[in-house]
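Novice: Got a structure for you, protein_39.txt, holding compact mmCIF, C-alpha atoms.
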# COMPACT_ATOMS: atom_id res chain seq x y z
CA MET A 1 139.33 -8.12 155.46
CA HIS A 2 138.53 -4.75 157.02
CA VAL A 3 135.36 -4.05 158.97
CA THR A 4 134.44 -0.43 159.41
CA ASN A 5 133.08 0.79 162.73
CA PRO A 6 129.30 1.15 162.39
CA LEU A 7 129.26 4.00 164.89
CA VAL A 8 131.68 5.94 162.71
CA LEU A 9 129.88 5.25 159.46
CA PHE A 10 126.19 5.20 160.19
CA PHE A 11 123.74 4.46 162.95
CA ALA A 12 120.14 4.83 161.88
CA VAL A 13 117.29 5.28 164.32
CA CYS A 14 114.22 5.65 162.16
CA SER A 15 110.70 6.53 163.19
CA ALA A 16 107.53 7.47 161.41
CA THR A 17 108.16 11.12 162.30
CA THR A 18 111.78 11.21 161.16
CA PRO A 19 112.06 12.53 157.57
CA GLN A 20 114.50 10.81 155.26
CA LYS A 21 117.38 12.97 154.02
CA LEU A 22 117.59 13.53 150.29
CA MET A 23 119.91 11.03 148.63
CA ARG A 24 122.99 12.33 146.89
CA LEU A 25 123.13 10.05 143.89
CA PRO A 26 126.37 9.11 142.10
CA ASP A 27 127.19 11.43 139.23
CA ALA A 28 129.39 10.42 136.30
CA SER A 29 130.34 14.07 135.80
CA GLU A 30 132.62 13.69 138.83
CA ALA A 31 134.75 11.20 136.91
CA PRO A 32 137.91 12.86 135.52
CA PHE A 33 137.50 11.00 132.22
CA THR A 34 135.06 8.85 130.28
CA PRO A 35 134.18 6.08 132.76
CA PRO A 36 134.79 2.38 131.99
CA THR A 37 132.19 0.31 130.19
CA ILE A 38 129.89 -1.84 132.30
CA GLN A 39 130.08 -5.01 130.21
CA SER A 40 127.73 -7.06 132.34
CA VAL A 41 126.09 -7.29 135.77
CA SER A 42 125.03 -10.62 137.25
CA PHE A 43 123.61 -11.61 140.63
CA SER A 44 123.83 -14.49 143.10
CA GLY A 45 122.39 -15.24 146.53
CA ASN A 46 119.09 -16.27 148.09
CA GLY A 47 117.81 -12.69 147.84
CA CYS A 48 118.22 -12.59 144.05
CA PRO A 49 117.79 -16.15 142.72
CA GLN A 50 118.64 -16.80 139.08
CA ASN A 51 115.16 -18.18 138.43
CA GLY A 52 113.43 -15.30 140.25
CA GLY A 53 111.94 -12.04 139.04
CA LYS A 54 113.71 -9.78 136.58
CA LYS A 55 116.42 -7.56 138.05
CA TRP A 56 116.15 -4.09 136.52
CA ILE A 57 119.46 -2.28 135.97
CA SER A 58 119.47 1.42 135.12
CA GLY A 59 121.51 4.59 135.09
CA GLY A 60 124.92 3.55 133.78
CA TRP A 61 127.65 5.38 135.68
CA GLN A 62 125.62 8.52 136.19
CA HIS A 63 122.97 6.97 138.45
CA PHE A 64 123.81 3.27 138.58
CA ALA A 65 120.99 1.39 140.29
CA PHE A 66 119.21 -1.94 140.25
CA THR A 67 116.01 -3.40 141.67
CA LEU A 68 115.61 -6.82 143.26
CA PRO A 69 111.97 -8.02 143.20
CA ASP A 70 112.69 -11.19 145.23
CA PHE A 71 114.70 -9.60 148.04
CA ALA A 72 112.76 -9.94 151.30
CA ALA A 73 113.50 -10.90 154.91
CA SER A 74 111.24 -11.21 157.93
CA TYR A 75 111.21 -11.99 161.62
CA GLY A 76 108.21 -14.04 162.67
CA GLY A 77 107.01 -14.20 159.08
CA SER A 78 107.32 -16.46 156.05
CA LYS A 79 110.63 -15.08 154.77
CA PRO A 80 114.13 -15.96 156.05
CA LYS A 81 115.55 -13.87 158.89
CA SER A 82 118.72 -13.26 156.87
CA VAL A 83 118.85 -12.63 153.11
CA ASN A 84 121.76 -11.71 150.85
CA CYS A 85 122.42 -10.71 147.27
CA GLN A 86 125.79 -10.32 145.57
CA ALA A 87 126.19 -8.20 142.44
CA HIS A 88 129.08 -8.95 140.06
CA MET A 89 129.97 -6.01 137.76
CA ASN A 90 132.39 -6.68 134.89
CA LEU A 91 134.23 -3.47 133.94
CA ALA A 92 136.36 -2.83 130.87
CA GLY A 93 137.44 0.06 128.65
CA GLY A 94 139.01 1.95 131.54
CA GLU A 95 141.19 5.00 131.05
CA PRO A 96 144.86 3.90 131.44
CA GLY A 97 146.39 5.10 134.68
CA TRP A 98 143.14 5.42 136.66
CA GLN A 99 141.37 3.39 139.34
CA VAL A 100 137.77 3.40 140.56
CA ALA A 101 136.31 2.44 143.94
CA LEU A 102 132.82 2.03 145.34
CA LYS A 103 132.33 4.76 147.97
CA ASP A 104 128.60 4.86 148.80
CA THR A 105 125.54 2.65 148.59
CA TRP A 106 121.91 3.55 149.16
CA THR A 107 119.52 0.67 149.86
CA LYS A 108 115.81 1.43 149.56
CA GLY A 109 113.00 -0.83 150.74
CA HIS A 110 109.87 -1.14 152.83
CA LEU A 111 110.39 -1.74 156.55
CA GLU A 112 108.03 -2.98 159.25
CA LEU A 113 109.76 -3.22 162.61
CA ASP A 114 108.45 -4.01 166.09
CA PRO A 115 110.19 -2.37 169.09
CA ASP A 116 112.19 -5.44 170.13
CA VAL A 117 113.66 -6.21 166.69
CA LYS A 118 116.86 -4.87 165.12
CA LEU A 119 117.64 -4.77 161.39
CA THR A 120 121.32 -4.99 160.46
CA GLN A 121 122.72 -4.48 156.97
CA PHE A 122 126.16 -5.80 156.00
CA ILE A 123 127.86 -4.70 152.77
CA THR A 124 131.13 -6.32 151.61
CA THR A 125 133.09 -5.13 148.58
CA TYR A 126 136.03 -6.68 146.71
CA TYR A 127 137.47 -7.17 143.22
CA SER A 128 137.84 -10.71 141.88
CA GLN A 129 141.47 -10.02 140.99
CA ASP A 130 142.29 -9.61 144.71
CA ALA A 131 139.51 -11.32 146.64
CA ALA A 132 141.42 -11.15 149.93
CA ASN A 133 141.28 -7.35 149.87
CA THR A 134 137.78 -6.60 151.14
CA ILE A 135 135.95 -3.91 153.06
CA SER A 136 132.76 -4.43 155.04
CA THR A 137 130.36 -1.89 156.49
CA VAL A 138 127.59 -2.41 159.01
CA GLN A 139 124.43 -0.33 159.48
CA THR A 140 121.67 -0.89 162.04
CA VAL A 141 118.07 0.22 162.25
CA THR A 142 116.09 0.15 165.48
CA THR A 143 112.88 1.73 166.69
CA PRO A 144 112.32 4.31 169.40
CA SER A 145 111.23 2.76 172.70
CA ASN A 146 107.75 1.19 172.58
CA SER A 147 107.23 2.33 168.97
CA SER A 148 106.94 0.47 165.69
CA ILE A 149 108.07 1.42 162.19
CA VAL A 150 105.97 0.95 159.08
CA GLN A 151 107.49 3.00 156.26
CA ASP A 152 109.77 3.06 153.24
CA ILE A 153 113.38 3.73 154.24
CA THR A 154 116.76 4.42 152.69
CA ILE A 155 119.89 3.02 154.37
CA HIS A 156 123.07 4.87 153.39
CA SER A 157 126.45 3.18 153.72
CA SER A 158 129.60 5.27 153.19
CA ILE A 159 133.12 3.84 153.18
CA PRO A 160 135.87 6.16 154.47
CA LYS A 161 138.07 7.26 151.58
CA GLU A 162 141.16 5.73 153.18
CA SER A 163 139.44 2.33 153.42
CA VAL A 164 137.84 1.90 149.98
CA VAL A 165 138.85 -1.04 147.79
CA TRP A 166 140.42 0.25 144.58
CA SER A 167 140.15 -1.51 141.24
CA PRO A 168 143.28 -2.79 139.54
CA CYS A 169 145.09 0.03 137.77
CA ALA A 170 143.82 0.16 134.18
CA GLY A 171 146.57 -0.37 131.64
CA SER A 172 146.70 0.03 127.87
CA SER A 173 144.20 -2.84 127.48
CA GLY A 174 141.60 -0.91 129.49
CA VAL A 175 140.80 -3.94 131.66
CA VAL A 176 139.43 -2.85 135.05
CA GLY A 177 138.17 -6.08 136.58
CA ILE A 178 135.11 -7.58 138.24
CA LEU A 179 133.65 -5.69 141.18
CA ASN A 180 131.71 -7.83 143.67
CA VAL A 181 129.34 -6.23 146.17
CA ASN A 182 127.54 -8.47 148.64
CA PHE A 183 124.78 -6.98 150.74
CA ARG A 184 122.92 -8.85 153.43
CA VAL A 185 120.18 -7.92 155.88
CA ALA A 186 119.42 -9.80 159.09
CA PHE A 187 116.83 -9.47 161.83
CA THR A 188 117.61 -10.23 165.48
CA SER A 189 115.42 -10.06 168.57
CA THR A 190 115.09 -11.44 172.08
CA ASN A 191 111.31 -11.52 171.71
CA GLY A 192 110.08 -14.49 169.70
CA ALA A 193 106.61 -12.97 169.42
CA SER A 194 107.83 -9.82 167.61
CA TYR A 195 107.45 -9.19 163.90
CA ALA A 196 109.59 -7.46 161.29
CA TYR A 197 109.81 -7.29 157.49
CA PHE A 198 112.17 -5.71 154.96
CA GLY A 199 111.55 -6.03 151.25
CA GLY A 200 109.41 -4.64 148.50
CA GLY A 201 106.46 -2.40 149.26
CA LYS A 202 103.00 -2.31 147.75
CA ASN A 203 104.22 -0.75 144.51
CA SER A 204 108.01 -1.05 144.75
CA SER A 205 110.95 -3.47 145.02
CA VAL A 206 114.16 -3.29 147.04
CA SER A 207 116.70 -1.21 145.10
CA GLU A 208 120.30 -0.11 145.40
CA SER A 209 122.18 2.91 144.05
CA TRP A 210 125.98 3.21 144.04
CA GLY A 211 128.41 6.14 144.16
CA TRP A 212 132.07 6.18 143.10
CA ILE A 213 135.44 7.87 143.59
CA TRP A 214 138.49 7.90 141.31
CA ARG A 215 142.27 8.30 141.55
CA ARG A 216 145.42 8.12 139.43
CA CYS A 217 147.62 5.07 139.80
The structure given in the file should be rewritten as structure tokens.
Specialist:
Amino acid sequence: MHVTNPLVLFFAVCSATTPQKLMRLPDASEAPFTPPTIQSVSFSGNGCPQNGGKKWISGGWQHFAFTLPDFAASYGGSKPKSVNCQAHMNLAGGEPGWQVALKDTWTKGHLELDPDVKLTQFITTYYSQDAANTISTVQTVTTPSNSSIVQDITIHSSIPKESVVWSPCAGSSGVVGILNVNFRVAFTSTNGASYAYFGGGKNSSVSESWGWIWRRC
């Protein structure tokens, strides 16, 4: 398993006065061919229970995204301090001689964060056909000194091109494989009286968008 350096990838210090950068969403037009078919997407984990709210999937390859109405974590609140959800994407109908890899993720949600609390996001990616070959990224969100955060945020994780996990090489059958992406958030603090929350907002749920890269094999 590889773990990317969070200082190389992303270190977020968010405040109420810091504007969020515009997201660059994945675009299927960047694929050098007709992308594989997403046969199914399923979820597992305490942040997306099978008997929970409906998970909305949208966008296909062009703007693949999903919402998770049950995903919520808190520090000093009623939710767990650490919550995870794993998405399992079954891909088929791939162009022979090509591979695909997850390059970027954008996690959107509502954040409330006291000064002494840190939010950490962990994302781990692998294909079921080679579960030992994984890549993990780590992103952190903290507050400026003596300030609190109460706002919607977007956390961007980008895997270096040389470290991405490639799908099996599609052959004449077009089989690509099952992509598994586990994302987890966790709150930590040395102050037991502090409070923090990450989850859905007043009119929104936690959502993720994914971006891809391709290569010949």
Novice: What is the CA of Ser58 (chain A) to CA of Ser205 (chain A) distance in Å?
Specialist: 13.9 Å
Novice: Report, in Å to a single decimal, how far apart CA of Gly59 (chain A) and CA of Ile213 (chain A) are.
Specialist: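 CA of Gly59 (chain A) lies at a distance of 16.6 Å from CA of Ile213 (chain A).
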Novice: Around the point (118.1, -7.4, 163.8) in the file's coordinates, collect all residues with an atom within 7 Å, using all atoms listed in the file, and return them as a ChimeraX atom specification.
Specialist: /A:117-120,186-189
Novice: Using only C-alpha atoms, which residue out of A:Asn46, A:Gln121, A:Thr37, A:Ser204 lies closest to Gly109 (chain A)?
Specialist: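 Closest candidate: A:Ser204.
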Novice: How far is it from CA of Leu68 (chain A) to CA of Asp104 (chain A), in Å with one decimal?
Specialist: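 One can read the CA of Leu68 (chain A) to CA of Asp104 (chain A) distance as 18.3 Å.
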Novice: Point out the residue among A:Lys108, A:Lys81, A:Lys55, A:Arg184 with the least atom-to-atom distance to Gly201 (chain A), counting all atoms listed in the file.
Specialist: A:Lys108
Novice: Which residue, A:Val141, A:Cys48, A:Val206, A:Ala196, has the smallest gap to Lys79 (chain A) when you use all atoms listed in the file?
Specialist: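 Among the listed residues, the smallest separation from Lys79 (chain A) belongs to A:Ala196.
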